[in-house]
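Engineer: Coordinates in query.tsv, TSV, C-alpha atoms, are listed below.
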chain	number	residue	atom	x	y	z
A	1	MET	CA	-9.96	17.79	-46.23
A	2	SER	CA	-8.94	15.32	-43.41
A	3	LYS	CA	-6.88	18.01	-41.73
A	4	ILE	CA	-9.85	20.39	-41.68
A	5	PHE	CA	-12.05	17.60	-40.27
A	6	SER	CA	-9.65	16.85	-37.38
A	7	ILE	CA	-9.31	20.54	-36.51
A	8	PHE	CA	-13.08	21.00	-36.52
A	9	PHE	CA	-13.83	18.01	-34.24
A	10	ARG	CA	-10.88	18.37	-31.75
A	11	PRO	CA	-12.72	20.74	-29.37
A	12	ILE	CA	-15.71	18.39	-29.37
A	13	ARG	CA	-13.49	15.41	-28.44
A	14	LEU	CA	-11.84	17.33	-25.61
A	15	ARG	CA	-15.24	18.37	-24.32
A	16	PHE	CA	-16.37	14.72	-24.26
A	17	LEU	CA	-13.17	13.72	-22.36
A	18	SER	CA	-13.70	16.46	-19.80
A	19	LEU	CA	-17.29	15.39	-19.27
A	20	ALA	CA	-16.20	11.77	-18.89
A	21	ALA	CA	-13.57	12.74	-16.32
A	22	LEU	CA	-16.13	14.74	-14.36
A	23	CYS	CA	-18.43	11.75	-14.34
A	24	ILE	CA	-15.74	9.32	-13.21
A	25	LEU	CA	-14.10	11.56	-10.56
A	26	PRO	CA	-16.93	11.45	-7.96
A	27	GLY	CA	-17.11	7.69	-8.20
A	28	LEU	CA	-13.34	7.44	-7.76
A	29	LEU	CA	-13.46	9.66	-4.69
A	30	ILE	CA	-16.29	7.60	-3.22
A	31	THR	CA	-14.32	4.42	-3.88
A	32	LEU	CA	-11.23	5.82	-2.17
A	33	ALA	CA	-13.32	6.97	0.77
A	34	GLY	CA	-14.86	3.53	0.99
A	35	CYS	CA	-11.42	1.91	0.98
A	36	SER	CA	-10.28	4.11	3.84
A	37	ARG	CA	-13.44	3.25	5.73
A	38	PHE	CA	-13.04	-0.52	5.30
A	39	HIS	CA	-9.22	-0.46	5.66
A	40	PRO	CA	-8.49	2.22	8.27
A	41	LEU	CA	-4.93	3.11	9.14
A	42	LYS	CA	-3.64	0.92	11.97
A	43	LYS	CA	-3.39	2.68	15.29
A	44	GLU	CA	-0.14	2.53	17.20
A	45	MET	CA	-0.83	1.07	20.63
A	46	VAL	CA	1.23	0.82	23.81
A	47	TYR	CA	0.40	-0.79	27.17
A	48	LEU	CA	1.20	0.41	30.67
A	49	ALA	CA	3.83	-1.79	32.32
A	50	ALA	CA	4.13	0.25	35.53
A	51	ARG	CA	1.81	-0.21	38.49
A	52	GLN	CA	0.05	3.09	37.74
A	53	MET	CA	0.88	6.43	36.14
A	54	PHE	CA	-0.65	9.85	35.58
A	55	LEU	CA	-1.20	11.47	32.20
A	56	HIS	CA	-0.18	15.14	32.11
A	57	ASP	CA	-1.45	17.88	29.80
A	58	ARG	CA	2.07	18.89	28.77
A	59	VAL	CA	5.72	17.95	29.22
A	60	ALA	CA	6.93	20.59	31.64
A	61	ALA	CA	8.09	21.05	35.20
A	62	VAL	CA	4.64	22.35	36.03
A	63	SER	CA	1.72	20.48	34.46
A	64	ASN	CA	-1.80	19.32	35.18
A	65	ILE	CA	-2.91	15.73	35.70
A	66	VAL	CA	-5.36	14.65	33.01
A	67	ALA	CA	-6.05	11.05	34.00
A	68	GLU	CA	-4.75	8.04	35.92
A	69	VAL	CA	-3.88	4.83	34.04
A	70	LYS	CA	-3.18	1.41	35.52
A	71	ASN	CA	-1.08	-1.65	34.76
A	72	GLY	CA	-2.00	-3.44	31.53
A	73	GLN	CA	-4.16	-0.58	30.21
A	74	PRO	CA	-4.01	-0.04	26.40
A	75	LEU	CA	-3.14	3.46	25.16
A	76	GLU	CA	-3.27	4.86	21.63
A	77	VAL	CA	-0.17	6.82	20.60
A	78	LEU	CA	-0.93	10.23	19.11
A	79	GLU	CA	2.51	11.81	19.12
A	80	HIS	CA	6.13	10.95	19.88
A	81	GLY	CA	8.23	13.30	21.97
A	82	ARG	CA	11.64	13.08	23.56
A	83	ARG	CA	11.27	10.33	26.20
A	84	PHE	CA	7.53	11.01	26.32
A	85	LEU	CA	4.47	9.88	24.38
A	86	LYS	CA	1.20	11.68	23.83
A	87	VAL	CA	-1.49	9.03	24.27
A	88	LYS	CA	-5.25	8.61	24.39
A	89	THR	CA	-7.14	6.28	26.70
A	90	GLU	CA	-10.26	4.29	25.87
A	91	LYS	CA	-12.23	7.09	27.55
A	92	ASN	CA	-10.68	9.63	25.12
A	93	GLU	CA	-8.51	11.14	27.84
A	94	ILE	CA	-5.41	12.64	26.21
A	95	GLY	CA	-2.09	13.36	27.90
A	96	TRP	CA	1.65	12.76	28.03
A	97	ILE	CA	3.36	9.76	29.66
A	98	GLU	CA	6.97	8.63	30.06
A	99	GLU	CA	8.00	6.20	27.35
A	100	HIS	CA	9.84	3.83	29.71
A	101	ALA	CA	6.58	3.12	31.58
A	102	VAL	CA	4.96	1.32	28.61
A	103	ILE	CA	5.63	-1.63	26.33
A	104	ASP	CA	5.00	-1.63	22.59
A	105	GLU	CA	2.85	-4.00	20.56
A	106	LYS	CA	5.78	-6.28	19.75
A	107	VAL	CA	6.35	-7.04	23.43
A	108	TYR	CA	2.60	-7.32	24.04
A	109	ASP	CA	2.38	-9.86	21.21
A	110	GLY	CA	5.22	-11.79	22.89
A	111	PHE	CA	3.09	-12.28	26.01
A	112	THR	CA	0.14	-13.26	23.81
A	113	GLN	CA	2.29	-15.89	22.11
A	114	LEU	CA	3.24	-17.36	25.50
A	115	VAL	CA	-0.46	-17.84	26.22
A	116	ASP	CA	-1.00	-19.61	22.89
A	117	GLN	CA	2.14	-21.76	23.17
A	118	HIS	CA	1.25	-23.05	26.65
A	119	LYS	CA	-2.53	-23.27	26.53
A	120	ASP	CA	-2.29	-27.09	26.70
A	121	SER	CA	0.75	-27.31	29.01
A	122	THR	CA	0.44	-29.61	32.01
A	123	VAL	CA	0.28	-27.78	35.33
A	124	ALA	CA	3.32	-28.88	37.35
A	125	ALA	CA	2.14	-27.36	40.65
A	126	THR	CA	0.32	-24.38	42.12
A	127	ALA	CA	1.96	-21.66	44.18
A	128	THR	CA	1.09	-18.47	46.04
A	129	LEU	CA	2.88	-15.15	45.61
A	130	ARG	CA	4.46	-13.70	48.75
A	131	ASN	CA	4.37	-10.13	47.41
A	132	ASP	CA	3.29	-8.21	44.32
A	133	LEU	CA	5.29	-9.59	41.41
A	134	TYR	CA	5.77	-8.65	37.76
A	135	MET	CA	5.48	-11.19	34.98
A	136	HIS	CA	8.51	-11.15	32.68
A	137	LEU	CA	8.71	-12.06	29.01
A	138	MET	CA	11.89	-14.06	29.70
A	139	PRO	CA	13.56	-15.27	32.92
A	140	GLY	CA	15.74	-12.66	34.60
A	141	LYS	CA	15.24	-9.49	36.61
A	142	GLU	CA	16.63	-7.31	33.82
A	143	THR	CA	14.22	-8.63	31.18
A	144	THR	CA	11.05	-6.89	30.01
A	145	HIS	CA	8.13	-7.10	32.41
A	146	PHE	CA	4.45	-6.29	31.98
A	147	TYR	CA	1.62	-7.68	34.10
A	148	LEU	CA	1.74	-6.97	37.83
A	149	ILE	CA	0.33	-9.87	39.88
A	150	ALA	CA	-0.92	-9.02	43.37
A	151	GLY	CA	0.54	-10.70	46.44
A	152	ASN	CA	-1.31	-13.78	47.78
A	153	THR	CA	-2.49	-14.61	44.25
A	154	ARG	CA	-2.44	-18.32	43.43
A	155	VAL	CA	-0.81	-19.17	40.10
A	156	GLN	CA	-0.25	-22.33	38.09
A	157	LEU	CA	3.39	-23.33	37.58
A	158	LEU	CA	4.22	-24.76	34.15
A	159	GLU	CA	8.01	-25.16	34.03
A	160	ARG	CA	11.18	-24.08	35.85
A	161	ALA	CA	14.27	-22.33	34.51
A	162	SER	CA	17.60	-21.30	36.05
A	163	VAL	CA	19.55	-18.25	34.93
A	164	LYS	CA	22.59	-16.38	36.21
A	165	LYS	CA	21.79	-13.94	38.97
A	166	ALA	CA	22.10	-10.34	37.83
A	167	LEU	CA	24.71	-8.35	39.76
A	168	ALA	CA	23.64	-5.18	41.51
A	169	PRO	CA	24.71	-1.96	39.72
A	170	GLY	CA	28.29	-1.05	40.59
A	171	PHE	CA	28.99	-4.44	42.18
A	172	ALA	CA	32.08	-6.38	41.12
A	173	PRO	CA	32.66	-10.04	42.04
A	174	LEU	CA	35.46	-10.63	44.52
A	175	ALA	CA	37.24	-12.73	41.93
A	176	HIS	CA	37.62	-9.60	39.76
A	177	LEU	CA	39.11	-7.60	42.65
A	178	ALA	CA	41.69	-10.20	43.66
A	179	GLU	CA	45.24	-10.01	42.34
A	180	PRO	CA	45.77	-12.24	39.33
A	181	ALA	CA	47.59	-15.47	40.15
A	182	LYS	CA	51.23	-15.57	39.12
A	183	PRO	CA	51.96	-18.14	36.44
A	184	THR	CA	53.65	-21.26	37.76
A	185	SER	CA	55.35	-24.05	35.96
A	186	ALA	CA	53.37	-27.28	35.94
A	187	THR	CA	56.63	-29.21	36.40
A	188	ALA	CA	57.97	-27.09	39.26
A	189	PRO	CA	58.26	-29.04	42.51
A	190	GLY	CA	55.44	-28.29	44.91
A	191	ALA	CA	53.47	-26.40	42.28
A	192	VAL	CA	49.77	-26.23	43.07
A	193	ALA	CA	47.28	-25.96	40.24
A	194	PRO	CA	45.01	-22.93	40.63
A	195	GLU	CA	41.50	-23.70	41.83
A	196	PRO	CA	38.80	-23.30	39.21
A	197	PRO	CA	36.59	-20.24	39.67
A	198	PRO	CA	33.36	-20.84	41.60
A	199	PRO	CA	30.23	-21.35	39.52
A	200	PRO	CA	28.10	-18.24	38.99
A	201	ALA	CA	25.25	-17.56	41.39
A	202	MET	CA	21.96	-18.76	39.92
A	203	GLU	CA	18.30	-17.95	40.47
A	204	ASP	CA	15.16	-19.93	39.61
A	205	TRP	CA	12.23	-18.63	37.57
A	206	TRP	CA	8.87	-20.24	36.91
A	207	LEU	CA	6.72	-19.97	33.82
A	208	ALA	CA	3.32	-19.38	35.38
A	209	ARG	CA	-0.33	-18.74	34.49
A	210	ASP	CA	-2.37	-16.31	36.60
A	211	PRO	CA	-6.15	-16.48	37.23
A	212	GLN	CA	-6.78	-14.14	34.26
A	213	GLY	CA	-4.96	-16.52	31.90
A	214	HIS	CA	-1.83	-14.37	31.46
A	215	VAL	CA	1.38	-16.36	31.07
A	216	GLY	CA	4.87	-15.15	31.93
A	217	TRP	CA	7.98	-15.77	34.03
A	218	LEU	CA	7.90	-15.15	37.80
A	219	TYR	CA	10.85	-14.92	40.18
A	220	GLY	CA	10.94	-18.24	42.03
A	221	ASN	CA	12.24	-16.80	45.30
A	222	GLN	CA	8.91	-15.01	45.79
A	223	LEU	CA	6.71	-18.10	45.28
A	224	ASP	CA	5.57	-20.67	47.83
A	225	VAL	CA	4.42	-23.99	46.37
A	226	ASP	CA	1.02	-24.94	47.77
A	227	VAL	CA	1.45	-27.84	50.20
A	228	PRO	CA	-1.13	-29.03	52.75
A	229	ASP	CA	-0.16	-28.08	56.30
A	230	GLU	CA	-0.59	-31.65	57.52
A	231	ILE	CA	2.36	-32.86	55.42
A	232	GLY	CA	4.32	-29.62	55.21
A	233	GLU	CA	6.02	-30.37	58.51
A	234	TYR	CA	7.66	-33.47	57.01
A	235	ALA	CA	9.91	-31.54	54.60
A	236	GLU	CA	13.00	-32.39	56.71
A	237	GLY	CA	15.02	-29.46	55.42
A	238	MET	CA	13.98	-30.04	51.83
A	239	ARG	CA	11.81	-27.85	49.62
A	240	TYR	CA	8.48	-29.09	48.28
A	241	VAL	CA	8.22	-28.80	44.49
A	242	GLY	CA	4.73	-30.28	44.29
A	243	ALA	CA	2.10	-32.18	46.28
A	244	TYR	CA	-0.63	-34.16	44.50
A	245	VAL	CA	-3.66	-36.03	45.83
A	246	LEU	CA	-3.33	-39.69	44.83
A	247	THR	CA	-6.55	-40.90	46.42
A	248	LYS	CA	-8.77	-40.47	49.47
A	249	VAL	CA	-9.47	-42.93	52.27
A	250	ASP	CA	-12.41	-43.10	54.64
A	251	ASP	CA	-11.51	-42.82	58.32
A	252	PRO	CA	-14.44	-42.36	60.76
A	253	GLY	CA	-11.97	-41.18	63.40
A	254	ALA	CA	-10.49	-38.44	61.21
A	255	ASN	CA	-11.45	-34.85	61.94
A	256	THR	CA	-12.12	-33.97	58.29
A	257	ALA	CA	-15.12	-33.29	56.10
A	258	ASN	CA	-17.07	-36.49	55.51
A	259	HIS	CA	-14.18	-38.34	57.19
A	260	GLN	CA	-12.36	-38.32	53.81
A	261	VAL	CA	-8.56	-38.02	54.13
A	262	PRO	CA	-6.36	-37.37	51.07
A	263	GLU	CA	-3.17	-39.35	50.46
A	264	TYR	CA	-0.34	-37.63	48.61
A	265	VAL	CA	2.58	-38.16	46.28
A	266	THR	CA	5.10	-35.36	46.67
A	267	ALA	CA	8.26	-34.14	44.93
A	268	LEU	CA	11.02	-32.47	46.96
A	269	ALA	CA	14.36	-30.84	46.19
A	270	PRO	CA	17.28	-29.28	48.10
A	271	ASP	CA	16.53	-25.72	49.14
A	272	LYS	CA	18.81	-23.98	46.62
A	273	SER	CA	18.56	-22.50	43.14
A	274	GLY	CA	20.23	-23.50	39.89
A	275	LEU	CA	19.83	-27.26	40.21
A	276	PRO	CA	20.08	-29.20	36.92
A	277	PHE	CA	16.90	-31.11	37.85
A	278	ASP	CA	13.49	-30.20	39.27
A	279	PHE	CA	13.49	-32.59	42.24
A	280	ASP	CA	15.61	-35.33	43.74
A	281	GLN	CA	13.04	-37.11	45.92
A	282	ILE	CA	9.64	-38.73	45.46
A	283	ARG	CA	7.74	-39.43	48.66
A	284	VAL	CA	4.27	-40.94	49.15
A	285	PHE	CA	2.27	-40.16	52.28
A	286	THR	CA	-0.54	-42.54	53.27
A	287	TRP	CA	-2.99	-42.25	56.14
A	288	SER	CA	-2.86	-44.59	59.10
A	289	LYS	CA	-6.38	-45.40	60.29
A	290	ASN	CA	-5.00	-46.87	63.51
A	291	HIS	CA	-2.92	-43.84	64.53
A	292	HIS	CA	-4.88	-41.19	62.59
A	293	ARG	CA	-1.75	-39.65	61.11
A	294	TYR	CA	0.32	-39.55	57.93
A	295	GLU	CA	3.08	-42.08	57.38
A	296	THR	CA	5.67	-42.50	54.64
A	297	ALA	CA	4.70	-45.43	52.44
A	298	PHE	CA	7.35	-44.90	49.77
A	299	ARG	CA	10.49	-42.85	49.21
A	300	LEU	CA	12.84	-42.70	46.21
A	301	HIS	CA	15.99	-40.62	46.83
A	302	PRO	CA	18.28	-39.21	45.52
A	303	ILE	CA	17.37	-39.04	41.85
A	304	GLN	CA	17.32	-36.47	39.05
A	305	GLY	CA	13.61	-35.99	38.45
A	306	PHE	CA	11.75	-33.66	36.15
A	307	LEU	CA	8.27	-32.18	36.28
A	308	PRO	CA	5.44	-32.70	35.75
A	309	VAL	CA	4.40	-35.54	38.04
A	310	LYS	CA	1.40	-37.08	36.26
A	311	LEU	CA	-1.49	-38.86	37.98
A	312	PHE	CA	-3.55	-41.56	36.31
A	313	THR	CA	-5.51	-44.73	37.04
A	314	ALA	CA	-3.94	-48.15	36.58
A	315	GLN	CA	-6.00	-51.27	35.89
A	316	THR	CA	-5.25	-54.27	38.11
A	317	PRO	CA	-6.99	-57.63	38.79
A	318	ARG	CA	-8.44	-55.95	41.88
A	319	GLY	CA	-9.81	-53.09	39.80
A	320	PRO	CA	-8.61	-49.54	39.10
A	321	VAL	CA	-6.01	-48.11	41.50
A	322	PRO	CA	-4.26	-44.71	41.74
A	323	ALA	CA	-0.95	-44.36	39.92
A	324	PHE	CA	1.64	-41.71	39.05
A	325	SER	CA	4.61	-41.19	36.75
A	326	PHE	CA	7.50	-38.77	36.26
A	327	GLU	CA	10.60	-38.36	34.13
A	328	LEU	CA	14.16	-39.26	35.03
A	329	SER	CA	17.41	-38.66	33.24
A	330	SER	CA	18.88	-41.84	31.80
A	331	GLY	CA	22.36	-40.29	31.75
A	332	PRO	CA	24.40	-37.23	32.66
A	333	ASP	CA	23.64	-35.38	29.41
A	334	MET	CA	21.20	-32.49	29.71
A	335	ILE	CA	19.78	-30.05	27.17
A	336	THR	CA	19.49	-26.44	28.31
A	337	ASP	CA	17.50	-23.95	26.27
A	338	PRO	CA	19.93	-21.02	25.77
A	339	ALA	CA	17.04	-18.55	25.60
A	340	THR	CA	15.10	-19.52	28.73
A	341	GLY	CA	17.46	-21.65	30.82
A	342	VAL	CA	14.99	-24.57	30.97
A	343	THR	CA	16.93	-27.82	31.41
A	344	ARG	CA	15.62	-31.20	30.28
A	345	PRO	CA	17.25	-34.64	30.07
A	346	ALA	CA	18.73	-35.54	26.70
A	347	SER	CA	17.41	-39.09	27.06
A	348	PRO	CA	14.43	-39.06	29.42
A	349	ARG	CA	12.88	-42.11	31.03
A	350	THR	CA	9.29	-42.34	32.22
A	351	ILE	CA	8.99	-44.13	35.56
A	352	SER	CA	5.55	-45.24	36.79
A	353	TYR	CA	4.13	-46.56	40.06
A	354	GLU	CA	0.75	-47.77	41.27
A	355	MET	CA	-0.54	-47.81	44.84
A	356	ILE	CA	-2.68	-50.65	46.21
A	357	ASP	CA	-3.79	-49.88	49.75
A	358	THR	CA	-0.51	-48.59	51.23
A	359	GLU	CA	1.84	-50.52	48.97
A	360	VAL	CA	3.55	-48.61	46.17
A	361	LYS	CA	4.65	-50.85	43.32
A	362	ARG	CA	6.56	-50.03	40.16
A	363	ILE	CA	4.79	-50.66	36.84
A	364	GLY	CA	5.12	-49.79	33.17
A	365	PRO	CA	7.37	-50.70	30.26
A	366	ASP	CA	10.51	-49.20	31.84
A	367	MET	CA	11.51	-51.57	34.63
A	368	ALA	CA	15.27	-51.06	34.33
A	369	PRO	CA	17.20	-50.17	37.50
A	370	ILE	CA	17.02	-46.55	38.64
A	371	THR	CA	20.39	-44.89	39.10
A	372	ILE	CA	20.71	-43.34	42.54
A	373	ILE	CA	22.62	-40.08	42.14
A	374	HIS	CA	24.39	-38.48	45.10
A	375	ASP	CA	25.42	-34.88	45.38
A	376	LYS	CA	29.23	-34.78	45.23
A	377	ASN	CA	29.67	-32.63	48.35
A	378	GLN	CA	27.14	-34.62	50.35
A	379	GLN	CA	28.77	-37.89	49.31
A	380	GLU	CA	32.23	-36.63	50.36
A	381	LYS	CA	30.84	-35.62	53.77
A	382	LYS	CA	29.18	-39.01	54.10
A	383	ASN	CA	32.42	-40.81	53.21
A	384	LYS	CA	34.40	-38.74	55.75
A	385	ALA	CA	31.80	-39.40	58.44
A	386	GLN	CA	31.91	-43.14	57.73
A	387	ALA	CA	35.70	-43.13	57.77
A	388	LYS	CA	35.77	-41.21	61.06
A	389	HIS	CA	33.21	-43.56	62.59
A	390	GLY	CA	35.23	-46.57	61.46
A	391	LYS	CA	38.40	-45.14	62.95
A	392	LYS	CA	36.70	-44.57	66.30
A	393	GLY	CA	35.38	-48.12	66.21
A	394	ARG	CA	38.88	-49.51	65.68
A	395	ASN	CA	40.18	-47.50	68.63
What does the file become when written as structure tokens?

Structural biologist:
Amino acid sequence: MSKIFSIFFRPIRLRFLSLAALCILPGLLITLAGCSRFHPLKKEMVYLAARQMFLHDRVAAVSNIVAEVKNGQPLEVLEHGRRFLKVKTEKNEIGWIEEHAVIDEKVYDGFTQLVDQHKDSTVAATATLRNDLYMHLMPGKETTHFYLIAGNTRVQLLERASVKKALAPGFAPLAHLAEPAKPTSATAPGAVAPEPPPPPAMEDWWLARDPQGHVGWLYGNQLDVDVPDEIGEYAEGMRYVGAYVLTKVDDPGANTANHQVPEYVTALAPDKSGLPFDFDQIRVFTWSKNHHRYETAFRLHPIQGFLPVKLFTAQTPRGPVPAFSFELSSGPDMITDPATGVTRPASPRTISYEMIDTEVKRIGPDMAPITIIHDKNQQEKKNKAQAKHGKKGRN
């Protein structure tokens, strides 16, 4: 009896299941459609790193130009080819472009991270570009570049790095072309120890922020630090690293707006790349009301100084006065970031000064003596000159 009952009702049960499936299926499809609408597939994006390029309708020796794209422009990738990408612009223009002319989202995110990491960084100085210049993700001419900054653009400098200069393609250092030195016995009479190889050529790069807020590394040889013309002539063969307005004085005889004349604290360095410090001289220029010109009120040289030079106001019995501070190395040990080449002192000291009228006076918790550091070659020349002068005096 039970067997007959199950046979009789089986078709009815299957019919109910089929009806239930038909009822559920549309809802399931709607749900899936809704999921795709709220969670669309992520588009693959690239960004033009060249100055400008043309999109072509096909990859062939003869093709038609579809559109022109410019540096920094986002492009949606539609298809990958051999060394070419089929892309779509924001205006729905579709064409092919060379793959080497764009950067991918990973590199783009790297530049975005630089902006986030340095949004609160102190501006060390401002500079002007001599020519059009690409921003790089890392220091070095062979590293990935993206944004193209126009010449004469003023940028903010955040920190300096030194890296080995890249050799031109096909160029071999002279040391590699010379015959290898024959081994000599250290105990042989008259044996001369071989000279150590010269240090590698270095180049300076600056982490900079442009007026649009982009952050990246710029080749230092194409930057001119902004320095007022009235003190620029006092460089004396050195290179200005920064010039900062300490205060302003009122001089009725000065040919300036409202007779207000700025007084400056400046940082200078030898005019060469690859130095293990940012500057080796601090110099304060004050304005002489009697002679209507700038005069040196303070000079500290030579030192191993590091940016930024910070300005602040010091409280004195006479009231608030302008003041400044900077970092020095307390020893020979330096820490160099292997990724960027940025060098900082292992044990930094913060040195501070205040200026009352034209007198610059040291203040702050660190009042220990400042080590005066001489360049080895310069010191040897100085010693030889002194010895020669002394010999002439004896004669």

Engineer: May I have the residues within 8 Å of A:Asp204 as a list in words, using all atoms listed in the file and disregarding those fewer than 5 positions away in the same chain?

Structural biologist: Arg160, Ala161, Ser162, Val163, Tyr219, Gly220, Asn221, Ser273 and Gly274 of chain A

Engineer: One decimal, in Å: what's the spacing between atom CA of A:His56 and atom CA of A:Glu44?

Structural biologist: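 Taking atom CA of A:His56 and atom CA of A:Glu44, their separation equals 19.5 Å.
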
Engineer: Taking (5.3, -29.9, 43.1) as a centre in this file's frame and 6 Å as the limit, can you find every polymer residue with an atom that close, using all atoms listed in the file, and give them as a list in words?

Structural biologist: Ala125, Val241, Gly242, Ala243 and Ala267 of chain A

Engineer: Residues within 6 Å of A:Tyr134, please, as a list in words. Count only C-alpha atoms; anything in the same chain fewer than 6 positions from it doesn't count.

Structural biologist: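 Near A:Tyr134, the qualifying residues are Tyr147, Leu148 and Ile149 of chain A.
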
Engineer: Keeping only C-alpha atoms, take the residues you just selected and write them out as a JSON list (two decimals), in the coordinates of the input.

Structural biologist:
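Done, and the output landed in part-v4.json:
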[["chain", "number", "residue", "atom", "x", "y", "z"],
["A", 147, "TYR", "CA", 1.62, -7.68, 34.10],
["A", 148, "LEU", "CA", 1.74, -6.97, 37.83],
["A", 149, "ILE", "CA", 0.33, -9.87, 39.88]]

Engineer: Rank A:Arg154, A:Lys43, A:Lys165, A:His136 by their smallest atom-to-atom distance to A:Gly110, using only C-alpha atoms, and report the top residue only.

Structural biologist: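 Among the listed residues, the smallest separation from A:Gly110 belongs to A:His136.
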
Engineer: Could you give me, as a list in words, the residues that sit within 8 Å of (-4.6, 2.5, 31.7) in the file's coordinates, counting only C-alpha atoms?

Structural biologist: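 These residues have at least one counted atom within 8 Å: Tyr47, Leu48, Gln52, Glu68, Val69, Lys70, Asn71, Gly72, Gln73, Pro74, Leu75 and Thr89 of chain A.
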
Engineer: Write out as number ranges by chain the residues lying within 12 Å of A:Thr350, counting only C-alpha atoms and excluding same-chain residues fewer than 6 positions away.

Structural biologist: A: 305-310, 324-330, 362-368, 370

Engineer: Considering all atoms listed in the file, return as a VMD selection string whatever protein or nucleic-acid residues lie within 7 Å of A:Ala127, sequence-local ones (same chain, fewer than 3 positions apart) excluded.

Structural biologist: chain A and resid 154 to 157 223 to 226

Engineer: Give me, as a PyMOL selection string, all polymer residues having an atom no more than 12 Å from stretch 247-260 of chain A, counting only C-alpha atoms and skipping those fewer than 3 positions away in the same chain.

Structural biologist: chain A and resi 230+244+263-265+284-294+311-313+320-324+354-358

Engineer: Mind dumping the selected residues with C-alpha atoms as an mmCIF file, in the frame of the given file?

Structural biologist:
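Okay, this is what ended up in part05.cif:
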data_model
loop_
_atom_site.group_PDB
_atom_site.id
_atom_site.type_symbol
_atom_site.label_atom_id
_atom_site.label_comp_id
_atom_site.auth_asym_id
_atom_site.auth_seq_id
_atom_site.Cartn_x
_atom_site.Cartn_y
_atom_site.Cartn_z
ATOM 1 C CA GLU A 230 -0.590 -31.650 57.520
ATOM 2 C CA TYR A 244 -0.630 -34.160 44.500
ATOM 3 C CA GLU A 263 -3.170 -39.350 50.460
ATOM 4 C CA TYR A 264 -0.340 -37.630 48.610
ATOM 5 C CA VAL A 265 2.580 -38.160 46.280
ATOM 6 C CA VAL A 284 4.270 -40.940 49.150
ATOM 7 C CA PHE A 285 2.270 -40.160 52.280
ATOM 8 C CA THR A 286 -0.540 -42.540 53.270
ATOM 9 C CA TRP A 287 -2.990 -42.250 56.140
ATOM 10 C CA SER A 288 -2.860 -44.590 59.100
ATOM 11 C CA LYS A 289 -6.380 -45.400 60.290
ATOM 12 C CA ASN A 290 -5.000 -46.870 63.510
ATOM 13 C CA HIS A 291 -2.920 -43.840 64.530
ATOM 14 C CA HIS A 292 -4.880 -41.190 62.590
ATOM 15 C CA ARG A 293 -1.750 -39.650 61.110
ATOM 16 C CA TYR A 294 0.320 -39.550 57.930
ATOM 17 C CA LEU A 311 -1.490 -38.860 37.980
ATOM 18 C CA PHE A 312 -3.550 -41.560 36.310
ATOM 19 C CA THR A 313 -5.510 -44.730 37.040
ATOM 20 C CA PRO A 320 -8.610 -49.540 39.100
ATOM 21 C CA VAL A 321 -6.010 -48.110 41.500
ATOM 22 C CA PRO A 322 -4.260 -44.710 41.740
ATOM 23 C CA ALA A 323 -0.950 -44.360 39.920
ATOM 24 C CA PHE A 324 1.640 -41.710 39.050
ATOM 25 C CA GLU A 354 0.750 -47.770 41.270
ATOM 26 C CA MET A 355 -0.540 -47.810 44.840
ATOM 27 C CA ILE A 356 -2.680 -50.650 46.210
ATOM 28 C CA ASP A 357 -3.790 -49.880 49.750
ATOM 29 C CA THR A 358 -0.510 -48.590 51.230
#

Engineer: Since the input lacks atoms, please generate N, CA and C atoms for stretch 345-354 of chain A and provide them as a JSON list (two decimals), in the frame of the given file.

Structural biologist:
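And here's rebuild09.json as it stands now:
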[["chain", "number", "residue", "atom", "x", "y", "z"],
["A", 345, "PRO", "N", 16.32, -33.54, 30.35],
["A", 345, "PRO", "CA", 17.25, -34.64, 30.07],
["A", 345, "PRO", "C", 17.34, -34.92, 28.57],
["A", 346, "ALA", "N", 18.55, -35.22, 28.12],
["A", 346, "ALA", "CA", 18.73, -35.54, 26.70],
["A", 346, "ALA", "C", 18.04, -36.85, 26.35],
["A", 347, "SER", "N", 18.06, -37.80, 27.27],
["A", 347, "SER", "CA", 17.41, -39.09, 27.06],
["A", 347, "SER", "C", 16.52, -39.39, 28.25],
["A", 348, "PRO", "N", 15.30, -38.89, 28.25],
["A", 348, "PRO", "CA", 14.43, -39.06, 29.42],
["A", 348, "PRO", "C", 13.87, -40.47, 29.52],
["A", 349, "ARG", "N", 13.58, -40.87, 30.75],
["A", 349, "ARG", "CA", 12.88, -42.11, 31.03],
["A", 349, "ARG", "C", 11.60, -41.79, 31.80],
["A", 350, "THR", "N", 10.54, -42.51, 31.49],
["A", 350, "THR", "CA", 9.29, -42.34, 32.22],
["A", 350, "THR", "C", 9.13, -43.48, 33.20],
["A", 351, "ILE", "N", 9.09, -43.15, 34.49],
["A", 351, "ILE", "CA", 8.99, -44.13, 35.56],
["A", 351, "ILE", "C", 7.58, -44.06, 36.15],
["A", 352, "SER", "N", 6.94, -45.22, 36.32],
["A", 352, "SER", "CA", 5.55, -45.24, 36.79],
["A", 352, "SER", "C", 5.40, -46.15, 38.00],
["A", 353, "TYR", "N", 4.44, -45.77, 38.87],
["A", 353, "TYR", "CA", 4.13, -46.56, 40.06],
["A", 353, "TYR", "C", 2.62, -46.59, 40.25],
["A", 354, "GLU", "N", 2.15, -47.68, 40.85],
["A", 354, "GLU", "CA", 0.75, -47.77, 41.27],
["A", 354, "GLU", "C", 0.72, -47.98, 42.78]]
